[in-house]
Amino acid sequence: MIRIIFFVIFFISSSSFSAGTSSDSSVNLDNSDQIKILYNKAEKYIDENKYKKSLKLLKKLTRREDLSGFKADIYNLLGFSYR
């Protein structure tokens, strides 16, 4: 069920990204929304004691180059998952 919800959110954000204008501010907003969603999902995995899933998701997030202000939070949560 969670996968379906995540897929729907991803599909909606992808379709709105392609239909949007070409300004950089809207692209950054969409990317930051995606990062927030994935970060919150990783937090949920930690709350459910699913640390391996959290680690997998957070490692993928660290590979992104558009993290901007989320980088420290992601690495902090990654360290917590390892602990």
# chains A, B, ... in the order shown; residues from 1 in each chain; ligands from 1
$ residues_around --residues "Ala42 (chain A)" --least-positions-apart "6" --cutoff "8 Å" --atoms "only C-alpha atoms" --output "VMD selection string"
chain A and resid 53 to 55 57 to 58
$ write_last_selection --atoms "C-alpha atoms" --output "compact mmCIF listing (two decimals), in the first residue's frame"
# COMPACT_ATOMS: atom_id res chain seq x y z
CA LYS A 53 14.94 0.00 4.48
CA SER A 54 15.80 3.37 5.97
CA LEU A 55 19.49 2.91 5.19
CA LEU A 57 16.56 4.98 1.05
CA LEU A 58 18.93 7.40 2.76
$ closest_residue --among "A:Lys56, A:Lys71, A:Gly79, A:Asp66" --to "Lys41 (chain A)" --atoms "only C-alpha atoms"
A:Lys56
$ residues_around --residues "Phe70 (chain A)" --least-positions-apart "4" --cutoff "9 Å" --atoms "only C-alpha atoms" --output "PyMOL selection string"
chain A and resi 32+35-36+39+74-75
$ closest_residue --among "A:Asp30, A:Ala72, A:Arg83, A:Thr62" --to "Asn49 (chain A)" --atoms "only C-alpha atoms"
A:Arg83
$ closest_residue --among "A:Asn40, A:Glu48, A:Lys59, A:Gln34" --to "Tyr82 (chain A)" --atoms "only C-alpha atoms"
A:Lys59
$ atom_distance --atom1 "CA of Asp73 (chain A)" --atom2 "CA of Leu38 (chain A)"
12.1 Å
$ select_by_dssp --residues "region 31-77 of chain A" --states "helix (DSSP H, G or I)" --output "compact mmCIF listing (two decimals) with C-alpha atoms, in the first residue's frame"
# COMPACT_ATOMS: atom_id res chain seq x y z
CA ASN A 31 12.92 18.55 -6.08
CA SER A 32 12.84 19.74 -2.48
CA ASP A 33 9.31 18.37 -2.12
CA GLN A 34 10.50 14.99 -3.37
CA ILE A 35 13.42 15.07 -0.94
CA LYS A 36 11.09 15.92 1.96
CA ILE A 37 8.78 13.04 1.05
CA LEU A 38 11.65 10.55 0.89
CA TYR A 39 13.17 11.91 4.10
CA ASN A 40 9.85 11.54 5.92
CA LYS A 41 9.51 8.01 4.57
CA ALA A 42 12.96 7.15 5.95
CA GLU A 43 11.94 8.59 9.34
CA LYS A 44 8.83 6.43 9.26
CA TYR A 45 10.95 3.34 8.58
CA ILE A 46 13.08 4.19 11.61
CA ASP A 47 9.99 4.59 13.79
CA TYR A 51 16.50 0.21 9.69
CA LYS A 52 17.66 -1.63 6.56
CA LYS A 53 14.94 0.00 4.48
CA SER A 54 15.80 3.37 5.97
CA LEU A 55 19.49 2.91 5.19
CA LYS A 56 18.75 1.93 1.61
CA LEU A 57 16.56 4.98 1.05
CA LEU A 58 18.93 7.40 2.76
CA LYS A 59 21.95 6.10 0.83
CA LYS A 60 20.07 6.78 -2.40
CA LEU A 61 19.25 10.26 -1.18
CA THR A 62 22.91 11.05 -0.43
CA SER A 68 20.71 21.87 -0.77
CA GLY A 69 19.59 22.43 2.83
CA PHE A 70 18.68 18.80 3.53
CA LYS A 71 22.19 17.38 3.38
CA ALA A 72 22.95 17.66 7.12
CA ASP A 73 19.55 16.24 8.10
CA ILE A 74 19.92 13.29 5.76
CA TYR A 75 23.40 12.44 7.01
CA ASN A 76 22.24 12.82 10.61
CA LEU A 77 19.37 10.38 10.02
